[in-house]
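Q: Just so it is clear, I am handing over input30.pdb, which has PDB, N, CA and C atoms.
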ATOM      1  N   LYS H   1     -18.523   6.990   5.814
ATOM      2  CA  LYS H   1     -18.349   5.575   6.075
ATOM      3  C   LYS H   1     -16.872   5.185   6.034
ATOM      4  N   SER H   2     -16.152   5.751   5.084
ATOM      5  CA  SER H   2     -14.729   5.401   4.954
ATOM      6  C   SER H   2     -13.932   5.873   6.159
ATOM      7  N   LEU H   3     -14.271   7.031   6.691
ATOM      8  CA  LEU H   3     -13.582   7.524   7.882
ATOM      9  C   LEU H   3     -13.826   6.587   9.067
ATOM     10  N   ILE H   4     -15.057   6.149   9.231
ATOM     11  CA  ILE H   4     -15.386   5.201  10.303
ATOM     12  C   ILE H   4     -14.639   3.887  10.091
ATOM     13  N   GLY H   5     -14.598   3.411   8.844
ATOM     14  CA  GLY H   5     -13.883   2.173   8.529
ATOM     15  C   GLY H   5     -12.391   2.281   8.801
ATOM     16  N   THR H   6     -11.791   3.419   8.437
ATOM     17  CA  THR H   6     -10.361   3.621   8.656
ATOM     18  C   THR H   6     -10.030   3.662  10.146
ATOM     19  N   VAL H   7     -10.817   4.406  10.899
ATOM     20  CA  VAL H   7     -10.581   4.509  12.345
ATOM     21  C   VAL H   7     -10.831   3.162  13.017
ATOM     22  N   SER H   8     -11.903   2.478  12.627
ATOM     23  CA  SER H   8     -12.210   1.171  13.218
ATOM     24  C   SER H   8     -11.106   0.161  12.943
ATOM     25  N   LEU H   9     -10.589   0.144  11.722
ATOM     26  CA  LEU H   9      -9.502  -0.771  11.383
ATOM     27  C   LEU H   9      -8.291  -0.509  12.255
ATOM     28  N   SER H  10      -7.939   0.752  12.426
ATOM     29  CA  SER H  10      -6.791   1.103  13.265
ATOM     30  C   SER H  10      -6.989   0.665  14.715
ATOM     31  N   ILE H  11      -8.168   0.875  15.231
ATOM     32  CA  ILE H  11      -8.467   0.486  16.612
ATOM     33  C   ILE H  11      -8.401  -1.028  16.774
ATOM     34  N   PHE H  12      -9.019  -1.765  15.847
ATOM     35  CA  PHE H  12      -9.020  -3.225  15.950
ATOM     36  C   PHE H  12      -7.633  -3.822  15.751
ATOM     37  N   ILE H  13      -6.814  -3.210  14.902
ATOM     38  CA  ILE H  13      -5.437  -3.686  14.755
ATOM     39  C   ILE H  13      -4.697  -3.538  16.078
ATOM     40  N   ASP H  14      -4.865  -2.405  16.743
ATOM     41  CA  ASP H  14      -4.214  -2.196  18.037
ATOM     42  C   ASP H  14      -4.724  -3.175  19.092
ATOM     43  N   ILE H  15      -6.016  -3.442  19.098
ATOM     44  CA  ILE H  15      -6.591  -4.375  20.071
ATOM     45  C   ILE H  15      -6.104  -5.794  19.802
ATOM     46  N   LEU H  16      -6.181  -6.231  18.549
ATOM     47  CA  LEU H  16      -5.805  -7.606  18.208
ATOM     48  C   LEU H  16      -4.299  -7.840  18.327
ATOM     49  N   ASP H  17      -3.513  -6.793  18.280
ATOM     50  CA  ASP H  17      -2.062  -6.922  18.424
ATOM     51  C   ASP H  17      -1.680  -7.402  19.826
ATOM     52  N   LYS H  18      -2.572  -7.237  20.779
ATOM     53  CA  LYS H  18      -2.309  -7.651  22.170
ATOM     54  C   LYS H  18      -2.471  -9.158  22.381
ATOM     55  N   PHE H  19      -3.138  -9.843  21.453
ATOM     56  CA  PHE H  19      -3.376 -11.277  21.583
ATOM     57  C   PHE H  19      -2.138 -12.068  21.184
ATOM     58  N   ALA H  20      -2.042 -13.272  21.719
ATOM     59  CA  ALA H  20      -0.930 -14.157  21.378
ATOM     60  C   ALA H  20      -1.059 -14.620  19.926
ATOM     61  N   VAL H  21       0.072 -14.870  19.322
ATOM     62  CA  VAL H  21       0.101 -15.348  17.947
ATOM     63  C   VAL H  21      -0.426 -16.781  17.903
ATOM     64  N   ALA H  22      -1.333 -17.066  16.961
ATOM     65  CA  ALA H  22      -1.932 -18.395  16.868
ATOM     66  C   ALA H  22      -0.972 -19.411  16.272
ATOM     67  N   THR H  23      -0.095 -18.953  15.366
ATOM     68  CA  THR H  23       0.865 -19.858  14.739
ATOM     69  C   THR H  23       2.107 -19.069  14.330
ATOM     70  N   ASN H  24       3.227 -19.734  14.298
ATOM     71  CA  ASN H  24       4.454 -19.115  13.803
ATOM     72  C   ASN H  24       4.750 -19.521  12.369
ATOM     73  N   ASP H  25       3.884 -20.345  11.790
ATOM     74  CA  ASP H  25       4.029 -20.778  10.411
ATOM     75  C   ASP H  25       3.533 -19.661   9.487
ATOM     76  N   LYS H  26       4.440 -19.095   8.699
ATOM     77  CA  LYS H  26       4.082 -17.965   7.842
ATOM     78  C   LYS H  26       3.033 -18.338   6.805
ATOM     79  N   PHE H  27       3.135 -19.553   6.258
ATOM     80  CA  PHE H  27       2.183 -19.970   5.233
ATOM     81  C   PHE H  27       0.767 -20.050   5.802
ATOM     82  N   LEU H  28       0.623 -20.722   6.955
ATOM     83  CA  LEU H  28      -0.699 -20.820   7.585
ATOM     84  C   LEU H  28      -1.238 -19.439   7.943
ATOM     85  N   ALA H  29      -0.364 -18.582   8.448
ATOM     86  CA  ALA H  29      -0.784 -17.225   8.806
ATOM     87  C   ALA H  29      -1.288 -16.480   7.567
ATOM     88  N   CYS H  30      -0.603 -16.661   6.439
ATOM     89  CA  CYS H  30      -1.027 -16.003   5.191
ATOM     90  C   CYS H  30      -2.374 -16.525   4.717
ATOM     91  N   VAL H  31      -2.547 -17.838   4.747
ATOM     92  CA  VAL H  31      -3.796 -18.427   4.254
ATOM     93  C   VAL H  31      -4.975 -18.003   5.125
ATOM     94  N   TYR H  32      -4.872 -18.234   6.419
ATOM     95  CA  TYR H  32      -6.003 -17.912   7.295
ATOM     96  C   TYR H  32      -6.175 -16.407   7.479
ATOM     97  N   GLY H  33      -5.078 -15.671   7.508
ATOM     98  CA  GLY H  33      -5.181 -14.209   7.553
ATOM     99  C   GLY H  33      -5.843 -13.671   6.301
ATOM    100  N   GLY H  34      -5.501 -14.252   5.143
ATOM    101  CA  GLY H  34      -6.118 -13.841   3.886
ATOM    102  C   GLY H  34      -7.602 -14.133   3.851
ATOM    103  N   ILE H  35      -7.986 -15.283   4.382
ATOM    104  CA  ILE H  35      -9.411 -15.641   4.429
ATOM    105  C   ILE H  35     -10.175 -14.654   5.311
ATOM    106  N   LEU H  36      -9.662 -14.413   6.506
ATOM    107  CA  LEU H  36     -10.337 -13.479   7.421
ATOM    108  C   LEU H  36     -10.345 -12.061   6.870
ATOM    109  N   SER H  37      -9.230 -11.651   6.285
ATOM    110  CA  SER H  37      -9.159 -10.326   5.692
ATOM    111  C   SER H  37     -10.121 -10.207   4.509
ATOM    112  N   GLY H  38     -10.234 -11.258   3.725
ATOM    113  CA  GLY H  38     -11.156 -11.258   2.585
ATOM    114  C   GLY H  38     -12.607 -11.143   3.018
ATOM    115  N   ILE H  39     -12.954 -11.852   4.071
ATOM    116  CA  ILE H  39     -14.320 -11.753   4.596
ATOM    117  C   ILE H  39     -14.602 -10.331   5.077
ATOM    118  N   GLY H  40     -13.647  -9.777   5.817
ATOM    119  CA  GLY H  40     -13.808  -8.404   6.310
ATOM    120  C   GLY H  40     -13.894  -7.393   5.185
ATOM    121  N   THR H  41     -13.045  -7.556   4.174
ATOM    122  CA  THR H  41     -13.069  -6.642   3.032
ATOM    123  C   THR H  41     -14.378  -6.769   2.265
ATOM    124  N   ALA H  42     -14.895  -7.989   2.120
ATOM    125  CA  ALA H  42     -16.180  -8.179   1.432
ATOM    126  C   ALA H  42     -17.296  -7.459   2.176
ATOM    127  N   ILE H  43     -17.295  -7.558   3.494
ATOM    128  CA  ILE H  43     -18.316  -6.864   4.294
ATOM    129  C   ILE H  43     -18.199  -5.357   4.099
ATOM    130  N   ILE H  44     -16.973  -4.857   4.135
ATOM    131  CA  ILE H  44     -16.738  -3.417   3.963
ATOM    132  C   ILE H  44     -17.209  -2.962   2.569
ATOM    133  N   LEU H  45     -16.828  -3.709   1.527
ATOM    134  CA  LEU H  45     -17.195  -3.313   0.165
ATOM    135  C   LEU H  45     -18.694  -3.423  -0.072
ATOM    136  N   LYS H  46     -19.356  -4.428   0.526
ATOM    137  CA  LYS H  46     -20.805  -4.578   0.367
ATOM    138  C   LYS H  46     -21.560  -3.404   0.987
ATOM    139  N   SER H  47     -20.940  -2.775   2.001
ATOM    140  CA  SER H  47     -21.585  -1.623   2.636
ATOM    141  C   SER H  47     -21.169  -0.302   1.983
ATOM    142  N   HIS H  48     -20.483  -0.410   0.829
ATOM    143  CA  HIS H  48     -20.023   0.758   0.069
ATOM    144  C   HIS H  48     -19.155   1.669   0.923
ATOM    145  N   SER H  49     -18.244   1.055   1.654
ATOM    146  CA  SER H  49     -17.324   1.784   2.511
ATOM    147  C   SER H  49     -15.912   1.329   2.193
ATOM    148  N   SER H  50     -14.951   1.756   2.989
ATOM    149  CA  SER H  50     -13.576   1.312   2.793
ATOM    150  C   SER H  50     -12.815   1.453   4.108
ATOM    151  N   THR H  51     -11.616   0.897   4.118
ATOM    152  CA  THR H  51     -10.739   1.026   5.283
ATOM    153  C   THR H  51      -9.633   2.042   5.015
ATOM    154  N   GLY H  52      -9.727   2.742   3.903
ATOM    155  CA  GLY H  52      -8.761   3.774   3.581
ATOM    156  C   GLY H  52      -7.555   3.273   2.812
ATOM    157  N   GLY H  53      -7.506   1.987   2.504
ATOM    158  CA  GLY H  53      -6.379   1.430   1.766
ATOM    159  C   GLY H  53      -6.723   1.270   0.297
ATOM    160  N   SER H  54      -6.302   0.133  -0.263
ATOM    161  CA  SER H  54      -6.557  -0.110  -1.680
ATOM    162  C   SER H  54      -8.047  -0.254  -1.966
ATOM    163  N   ASP H  55      -8.835  -0.588  -0.959
ATOM    164  CA  ASP H  55     -10.283  -0.682  -1.180
ATOM    165  C   ASP H  55     -10.909   0.705  -1.397
ATOM    166  N   LEU H  56     -10.283   1.765  -0.870
ATOM    167  CA  LEU H  56     -10.758   3.126  -1.142
ATOM    168  C   LEU H  56     -10.547   3.448  -2.619
ATOM    169  N   LEU H  57      -9.374   3.106  -3.138
ATOM    170  CA  LEU H  57      -9.098   3.304  -4.555
ATOM    171  C   LEU H  57     -10.063   2.477  -5.413
ATOM    172  N   THR H  58     -10.381   1.271  -4.956
ATOM    173  CA  THR H  58     -11.346   0.417  -5.661
ATOM    174  C   THR H  58     -12.716   1.083  -5.711
ATOM    175  N   ASN H  59     -13.146   1.667  -4.604
ATOM    176  CA  ASN H  59     -14.439   2.364  -4.582
ATOM    177  C   ASN H  59     -14.443   3.549  -5.542
ATOM    178  N   ILE H  60     -13.334   4.288  -5.596
ATOM    179  CA  ILE H  60     -13.247   5.443  -6.491
ATOM    180  C   ILE H  60     -13.319   4.979  -7.943
ATOM    181  N   ILE H  61     -12.555   3.934  -8.279
ATOM    182  CA  ILE H  61     -12.585   3.404  -9.647
ATOM    183  C   ILE H  61     -13.975   2.897  -9.996
ATOM    184  N   ASN H  62     -14.646   2.234  -9.040
ATOM    185  CA  ASN H  62     -15.991   1.717  -9.277
ATOM    186  C   ASN H  62     -16.993   2.844  -9.471
ATOM    187  N   THR H  63     -16.779   3.980  -8.817
ATOM    188  CA  THR H  63     -17.662   5.130  -9.001
ATOM    189  C   THR H  63     -17.505   5.691 -10.407
ATOM    190  N   VAL H  64     -16.261   5.739 -10.898
ATOM    191  CA  VAL H  64     -16.002   6.252 -12.243
ATOM    192  C   VAL H  64     -16.497   5.276 -13.302
ATOM    193  N   ASN H  65     -16.279   3.964 -13.078
ATOM    194  CA  ASN H  65     -16.688   2.942 -14.045
ATOM    195  C   ASN H  65     -17.401   1.805 -13.313
ATOM    196  N   PRO H  66     -18.710   1.936 -13.111
ATOM    197  CA  PRO H  66     -19.451   0.925 -12.344
ATOM    198  C   PRO H  66     -19.545  -0.445 -13.010
ATOM    199  N   LYS H  67     -19.152  -0.556 -14.286
ATOM    200  CA  LYS H  67     -19.215  -1.843 -14.974
ATOM    201  C   LYS H  67     -18.125  -2.797 -14.498
ATOM    202  N   LEU H  68     -17.053  -2.251 -13.940
ATOM    203  CA  LEU H  68     -15.962  -3.091 -13.447
ATOM    204  C   LEU H  68     -16.361  -3.747 -12.135
ATOM    205  N   GLN H  69     -16.030  -5.033 -11.996
ATOM    206  CA  GLN H  69     -16.313  -5.723 -10.740
ATOM    207  C   GLN H  69     -15.281  -5.315  -9.693
ATOM    208  N   MET H  70     -15.759  -4.980  -8.520
ATOM    209  CA  MET H  70     -14.889  -4.463  -7.465
ATOM    210  C   MET H  70     -13.820  -5.477  -7.063
ATOM    211  N   GLY H  71     -14.191  -6.756  -7.016
ATOM    212  CA  GLY H  71     -13.220  -7.787  -6.639
ATOM    213  C   GLY H  71     -12.062  -7.859  -7.617
ATOM    214  N   ASN H  72     -12.373  -7.781  -8.925
ATOM    215  CA  ASN H  72     -11.324  -7.819  -9.936
ATOM    216  C   ASN H  72     -10.410  -6.606  -9.847
ATOM    217  N   VAL H  73     -11.005  -5.435  -9.625
ATOM    218  CA  VAL H  73     -10.211  -4.209  -9.493
ATOM    219  C   VAL H  73      -9.294  -4.305  -8.280
ATOM    220  N   LEU H  74      -9.823  -4.817  -7.174
ATOM    221  CA  LEU H  74      -9.025  -4.945  -5.955
ATOM    222  C   LEU H  74      -7.856  -5.909  -6.152
ATOM    223  N   VAL H  75      -8.093  -7.017  -6.837
ATOM    224  CA  VAL H  75      -7.014  -7.975  -7.120
ATOM    225  C   VAL H  75      -5.953  -7.328  -8.004
ATOM    226  N   MET H  76      -6.362  -6.569  -9.017
ATOM    227  CA  MET H  76      -5.403  -5.898  -9.903
ATOM    228  C   MET H  76      -4.556  -4.890  -9.136
ATOM    229  N   ILE H  77      -5.176  -4.132  -8.239
ATOM    230  CA  ILE H  77      -4.427  -3.172  -7.425
ATOM    231  C   ILE H  77      -3.434  -3.917  -6.538
ATOM    232  N   ASP H  78      -3.863  -5.016  -5.937
ATOM    233  CA  ASP H  78      -2.963  -5.806  -5.090
ATOM    234  C   ASP H  78      -1.798  -6.378  -5.884
ATOM    235  N   ILE H  79      -2.050  -6.826  -7.109
ATOM    236  CA  ILE H  79      -0.975  -7.342  -7.967
ATOM    237  C   ILE H  79       0.036  -6.238  -8.271
ATOM    238  N   ILE H  80      -0.455  -5.042  -8.540
ATOM    239  CA  ILE H  80       0.451  -3.914  -8.804
ATOM    240  C   ILE H  80       1.295  -3.606  -7.575
ATOM    241  N   ILE H  81       0.681  -3.600  -6.391
ATOM    242  CA  ILE H  81       1.411  -3.303  -5.160
ATOM    243  C   ILE H  81       2.479  -4.357  -4.887
ATOM    244  N   VAL H  82       2.138  -5.632  -5.024
ATOM    245  CA  VAL H  82       3.111  -6.703  -4.790
ATOM    246  C   VAL H  82       4.230  -6.636  -5.826
ATOM    247  N   SER H  83       3.886  -6.351  -7.078
ATOM    248  CA  SER H  83       4.908  -6.243  -8.128
ATOM    249  C   SER H  83       5.867  -5.094  -7.846
ATOM    250  N   LEU H  84       5.339  -3.960  -7.414
ATOM    251  CA  LEU H  84       6.206  -2.830  -7.065
ATOM    252  C   LEU H  84       7.101  -3.166  -5.881
ATOM    253  N   ASN H  85       6.583  -3.957  -4.945
ATOM    254  CA  ASN H  85       7.385  -4.410  -3.813
ATOM    255  C   ASN H  85       8.583  -5.224  -4.295
ATOM    256  N   VAL H  86       8.347  -6.120  -5.236
ATOM    257  CA  VAL H  86       9.428  -6.947  -5.783
ATOM    258  C   VAL H  86      10.446  -6.067  -6.508
ATOM    259  N   ILE H  87       9.951  -5.128  -7.306
ATOM    260  CA  ILE H  87      10.841  -4.289  -8.106
ATOM    261  C   ILE H  87      11.710  -3.384  -7.236
ATOM    262  N   PHE H  88      11.103  -2.713  -6.266
ATOM    263  CA  PHE H  88      11.835  -1.717  -5.505
ATOM    264  C   PHE H  88      12.529  -2.260  -4.256
ATOM    265  N   LEU H  89      11.907  -3.197  -3.567
ATOM    266  CA  LEU H  89      12.480  -3.685  -2.316
ATOM    267  C   LEU H  89      13.287  -4.969  -2.482
ATOM    268  N   ARG H  90      13.071  -5.663  -3.574
ATOM    269  CA  ARG H  90      13.798  -6.906  -3.872
ATOM    270  C   ARG H  90      13.682  -7.950  -2.774
ATOM    271  N   ASN H  91      12.557  -7.945  -2.076
ATOM    272  CA  ASN H  91      12.336  -8.929  -1.021
ATOM    273  C   ASN H  91      11.339  -9.950  -1.553
ATOM    274  N   PHE H  92      11.871 -10.965  -2.215
ATOM    275  CA  PHE H  92      11.016 -11.931  -2.904
ATOM    276  C   PHE H  92      10.203 -12.781  -1.937
ATOM    277  N   GLU H  93      10.803 -13.208  -0.830
ATOM    278  CA  GLU H  93      10.081 -14.080   0.102
ATOM    279  C   GLU H  93       8.855 -13.382   0.672
ATOM    280  N   LYS H  94       9.010 -12.157   1.141
ATOM    281  CA  LYS H  94       7.862 -11.426   1.678
ATOM    282  C   LYS H  94       6.832 -11.150   0.594
ATOM    283  N   SER H  95       7.295 -10.920  -0.619
ATOM    284  CA  SER H  95       6.373 -10.676  -1.721
ATOM    285  C   SER H  95       5.544 -11.914  -2.034
ATOM    286  N   PHE H  96       6.168 -13.084  -1.967
ATOM    287  CA  PHE H  96       5.438 -14.322  -2.208
ATOM    288  C   PHE H  96       4.381 -14.539  -1.127
ATOM    289  N   TYR H  97       4.753 -14.303   0.119
ATOM    290  CA  TYR H  97       3.778 -14.451   1.204
ATOM    291  C   TYR H  97       2.656 -13.421   1.067
ATOM    292  N   THR H  98       3.006 -12.209   0.667
ATOM    293  CA  THR H  98       1.986 -11.182   0.474
ATOM    294  C   THR H  98       1.013 -11.571  -0.620
ATOM    295  N   SER H  99       1.525 -12.166  -1.702
ATOM    296  CA  SER H  99       0.633 -12.582  -2.787
ATOM    297  C   SER H  99      -0.298 -13.708  -2.354
ATOM    298  N   ILE H 100       0.189 -14.604  -1.485
ATOM    299  CA  ILE H 100      -0.679 -15.652  -0.934
ATOM    300  C   ILE H 100      -1.778 -15.012  -0.088
ATOM    301  N   PHE H 101      -1.396 -14.081   0.764
ATOM    302  CA  PHE H 101      -2.344 -13.400   1.643
ATOM    303  C   PHE H 101      -3.374 -12.636   0.824
ATOM    304  N   SER H 102      -2.917 -11.909  -0.186
ATOM    305  CA  SER H 102      -3.809 -11.043  -0.974
ATOM    306  C   SER H 102      -4.777 -11.824  -1.847
ATOM    307  N   ASN H 103      -4.400 -13.019  -2.275
ATOM    308  CA  ASN H 103      -5.232 -13.755  -3.219
ATOM    309  C   ASN H 103      -5.947 -14.944  -2.607
ATOM    310  N   THR H 104      -5.942 -15.039  -1.285
ATOM    311  CA  THR H 104      -6.635 -16.152  -0.622
ATOM    312  C   THR H 104      -8.116 -15.847  -0.555
TER
END
Would you put the structure from the file into structure tokens?

A:
Amino acid sequence: KSLIGTVSLSIFIDILDKFAVATNDKFLACVYGGILSGIGTAIILKSHSSTGGSDLLTNIINTVNPKLQMGNVLVMIDIIIVSLNVIFLRNFEKSFYTSIFSNT
């Protein structure tokens, strides 16, 4: 399932990249992109699959410790990734937008 999810995500990213941008406002893009991404991730996680990203790590952690809620684990992984971005890349503006996107 994860292989299908990873390949499908890559294909859909390439297809959707051909469409015109709906807005140039970064904040709106983060909010609505986060909502759509969250819906897609929920569907993927409900089917016990992944797209090969942090949700794959979430599935592995959930297999080891099923008592943990997958949503909480995914948020914690996203917080770690955004924090590492701030520490190593020092790009605060992109990190703030990423945190909006990840937690919408």

Q: Using the chain letters and numbers from this document, which residues of chain H does DSSP assign to alpha helix (DSSP H), as a PyMOL selection string?

A: chain H and resi 2-16+26-46+54-64+70-89+92-102

Q: List the neighbours of segment 95-102 of chain H out to 12 Å using only C-alpha atoms; skip same-chain residues closer than 6 positions along the sequence, and give me the result as number ranges by chain.

A: H: 25-39, 41, 54, 71, 74-89

Q: Name the residues in contact with Gly52 of chain H at a cut-off of 7 Å, using all atoms listed in the file, excluding same-chain residues fewer than 6 positions from it; report them as a list in words.

A: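 Once the adjacent positions are removed, what remains is Ser2, Leu3, Gly5 and Thr6 of chain H.
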
Q: Would you work out the distance separating atom C of Ile60 of chain H from atom C of Leu45 of chain H, expressed in Å to one decimal?

A: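 Between these atoms lies a distance of 12.7 Å.
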
Q: At what distance in Å, to one decimal, does atom C of Leu9 of chain H lie from atom N of Asn65 of chain H?

A: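 So the two atoms, atom N of Asn65 of chain H and atom C of Leu9 of chain H, lie 26.9 Å apart.
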
Q: Could you jot down the atom C of His48 of chain H to atom N of Ile15 of chain H separation for me, Å, one decimal place?

A: 23.0 Å

Q: Just add N, CA, C and O atoms to segment 71-93 of chain H and send it as a PDB file, keeping the file's coordinate frame.

A:
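Writing the result to part19.pdb gives the following:
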ATOM      1  N   GLY H  71     -14.191  -6.756  -7.016  1.00  0.00           N
ATOM      2  CA  GLY H  71     -13.220  -7.787  -6.639  1.00  0.00           C
ATOM      3  C   GLY H  71     -12.062  -7.859  -7.617  1.00  0.00           C
ATOM      4  O   GLY H  71     -10.900  -7.980  -7.220  1.00  0.00           O
ATOM      5  N   ASN H  72     -12.373  -7.781  -8.925  1.00  0.00           N
ATOM      6  CA  ASN H  72     -11.324  -7.819  -9.936  1.00  0.00           C
ATOM      7  C   ASN H  72     -10.410  -6.606  -9.847  1.00  0.00           C
ATOM      8  O   ASN H  72      -9.191  -6.713 -10.000  1.00  0.00           O
ATOM      9  N   VAL H  73     -11.005  -5.435  -9.625  1.00  0.00           N
ATOM     10  CA  VAL H  73     -10.211  -4.209  -9.493  1.00  0.00           C
ATOM     11  C   VAL H  73      -9.294  -4.305  -8.280  1.00  0.00           C
ATOM     12  O   VAL H  73      -8.110  -3.960  -8.353  1.00  0.00           O
ATOM     13  N   LEU H  74      -9.823  -4.817  -7.174  1.00  0.00           N
ATOM     14  CA  LEU H  74      -9.025  -4.945  -5.955  1.00  0.00           C
ATOM     15  C   LEU H  74      -7.856  -5.909  -6.152  1.00  0.00           C
ATOM     16  O   LEU H  74      -6.735  -5.636  -5.717  1.00  0.00           O
ATOM     17  N   VAL H  75      -8.093  -7.017  -6.837  1.00  0.00           N
ATOM     18  CA  VAL H  75      -7.014  -7.975  -7.120  1.00  0.00           C
ATOM     19  C   VAL H  75      -5.953  -7.328  -8.004  1.00  0.00           C
ATOM     20  O   VAL H  75      -4.749  -7.491  -7.776  1.00  0.00           O
ATOM     21  N   MET H  76      -6.362  -6.569  -9.017  1.00  0.00           N
ATOM     22  CA  MET H  76      -5.403  -5.898  -9.903  1.00  0.00           C
ATOM     23  C   MET H  76      -4.556  -4.890  -9.136  1.00  0.00           C
ATOM     24  O   MET H  76      -3.343  -4.799  -9.340  1.00  0.00           O
ATOM     25  N   ILE H  77      -5.176  -4.132  -8.239  1.00  0.00           N
ATOM     26  CA  ILE H  77      -4.427  -3.172  -7.425  1.00  0.00           C
ATOM     27  C   ILE H  77      -3.434  -3.917  -6.538  1.00  0.00           C
ATOM     28  O   ILE H  77      -2.269  -3.505  -6.408  1.00  0.00           O
ATOM     29  N   ASP H  78      -3.863  -5.016  -5.937  1.00  0.00           N
ATOM     30  CA  ASP H  78      -2.963  -5.806  -5.090  1.00  0.00           C
ATOM     31  C   ASP H  78      -1.798  -6.378  -5.884  1.00  0.00           C
ATOM     32  O   ASP H  78      -0.660  -6.407  -5.402  1.00  0.00           O
ATOM     33  N   ILE H  79      -2.050  -6.826  -7.109  1.00  0.00           N
ATOM     34  CA  ILE H  79      -0.975  -7.342  -7.967  1.00  0.00           C
ATOM     35  C   ILE H  79       0.036  -6.238  -8.271  1.00  0.00           C
ATOM     36  O   ILE H  79       1.251  -6.467  -8.225  1.00  0.00           O
ATOM     37  N   ILE H  80      -0.455  -5.042  -8.540  1.00  0.00           N
ATOM     38  CA  ILE H  80       0.451  -3.914  -8.804  1.00  0.00           C
ATOM     39  C   ILE H  80       1.295  -3.606  -7.575  1.00  0.00           C
ATOM     40  O   ILE H  80       2.515  -3.405  -7.682  1.00  0.00           O
ATOM     41  N   ILE H  81       0.681  -3.600  -6.391  1.00  0.00           N
ATOM     42  CA  ILE H  81       1.411  -3.303  -5.160  1.00  0.00           C
ATOM     43  C   ILE H  81       2.479  -4.357  -4.887  1.00  0.00           C
ATOM     44  O   ILE H  81       3.629  -4.021  -4.569  1.00  0.00           O
ATOM     45  N   VAL H  82       2.138  -5.632  -5.024  1.00  0.00           N
ATOM     46  CA  VAL H  82       3.111  -6.703  -4.790  1.00  0.00           C
ATOM     47  C   VAL H  82       4.230  -6.636  -5.826  1.00  0.00           C
ATOM     48  O   VAL H  82       5.408  -6.800  -5.496  1.00  0.00           O
ATOM     49  N   SER H  83       3.886  -6.351  -7.078  1.00  0.00           N
ATOM     50  CA  SER H  83       4.908  -6.243  -8.128  1.00  0.00           C
ATOM     51  C   SER H  83       5.867  -5.094  -7.846  1.00  0.00           C
ATOM     52  O   SER H  83       7.089  -5.230  -8.030  1.00  0.00           O
ATOM     53  N   LEU H  84       5.339  -3.960  -7.414  1.00  0.00           N
ATOM     54  CA  LEU H  84       6.206  -2.830  -7.065  1.00  0.00           C
ATOM     55  C   LEU H  84       7.101  -3.166  -5.881  1.00  0.00           C
ATOM     56  O   LEU H  84       8.261  -2.727  -5.818  1.00  0.00           O
ATOM     57  N   ASN H  85       6.583  -3.957  -4.945  1.00  0.00           N
ATOM     58  CA  ASN H  85       7.385  -4.410  -3.813  1.00  0.00           C
ATOM     59  C   ASN H  85       8.583  -5.224  -4.295  1.00  0.00           C
ATOM     60  O   ASN H  85       9.703  -5.052  -3.834  1.00  0.00           O
ATOM     61  N   VAL H  86       8.347  -6.120  -5.236  1.00  0.00           N
ATOM     62  CA  VAL H  86       9.428  -6.947  -5.783  1.00  0.00           C
ATOM     63  C   VAL H  86      10.446  -6.067  -6.508  1.00  0.00           C
ATOM     64  O   VAL H  86      11.652  -6.213  -6.334  1.00  0.00           O
ATOM     65  N   ILE H  87       9.951  -5.128  -7.306  1.00  0.00           N
ATOM     66  CA  ILE H  87      10.841  -4.289  -8.106  1.00  0.00           C
ATOM     67  C   ILE H  87      11.710  -3.384  -7.236  1.00  0.00           C
ATOM     68  O   ILE H  87      12.927  -3.299  -7.422  1.00  0.00           O
ATOM     69  N   PHE H  88      11.103  -2.713  -6.266  1.00  0.00           N
ATOM     70  CA  PHE H  88      11.835  -1.717  -5.505  1.00  0.00           C
ATOM     71  C   PHE H  88      12.529  -2.260  -4.256  1.00  0.00           C
ATOM     72  O   PHE H  88      13.611  -1.819  -3.912  1.00  0.00           O
ATOM     73  N   LEU H  89      11.907  -3.197  -3.567  1.00  0.00           N
ATOM     74  CA  LEU H  89      12.480  -3.685  -2.316  1.00  0.00           C
ATOM     75  C   LEU H  89      13.287  -4.969  -2.482  1.00  0.00           C
ATOM     76  O   LEU H  89      14.055  -5.333  -1.605  1.00  0.00           O
ATOM     77  N   ARG H  90      13.071  -5.663  -3.574  1.00  0.00           N
ATOM     78  CA  ARG H  90      13.798  -6.906  -3.872  1.00  0.00           C
ATOM     79  C   ARG H  90      13.682  -7.950  -2.774  1.00  0.00           C
ATOM     80  O   ARG H  90      14.577  -8.744  -2.554  1.00  0.00           O
ATOM     81  N   ASN H  91      12.557  -7.945  -2.076  1.00  0.00           N
ATOM     82  CA  ASN H  91      12.336  -8.929  -1.021  1.00  0.00           C
ATOM     83  C   ASN H  91      11.339  -9.950  -1.553  1.00  0.00           C
ATOM     84  O   ASN H  91      10.135  -9.818  -1.384  1.00  0.00           O
ATOM     85  N   PHE H  92      11.871 -10.965  -2.215  1.00  0.00           N
ATOM     86  CA  PHE H  92      11.016 -11.931  -2.904  1.00  0.00           C
ATOM     87  C   PHE H  92      10.203 -12.781  -1.937  1.00  0.00           C
ATOM     88  O   PHE H  92       9.033 -13.049  -2.184  1.00  0.00           O
ATOM     89  N   GLU H  93      10.803 -13.208  -0.830  1.00  0.00           N
ATOM     90  CA  GLU H  93      10.081 -14.080   0.102  1.00  0.00           C
ATOM     91  C   GLU H  93       8.855 -13.382   0.672  1.00  0.00           C
ATOM     92  O   GLU H  93       7.755 -13.944   0.660  1.00  0.00           O
TER      93      GLU H  93
END
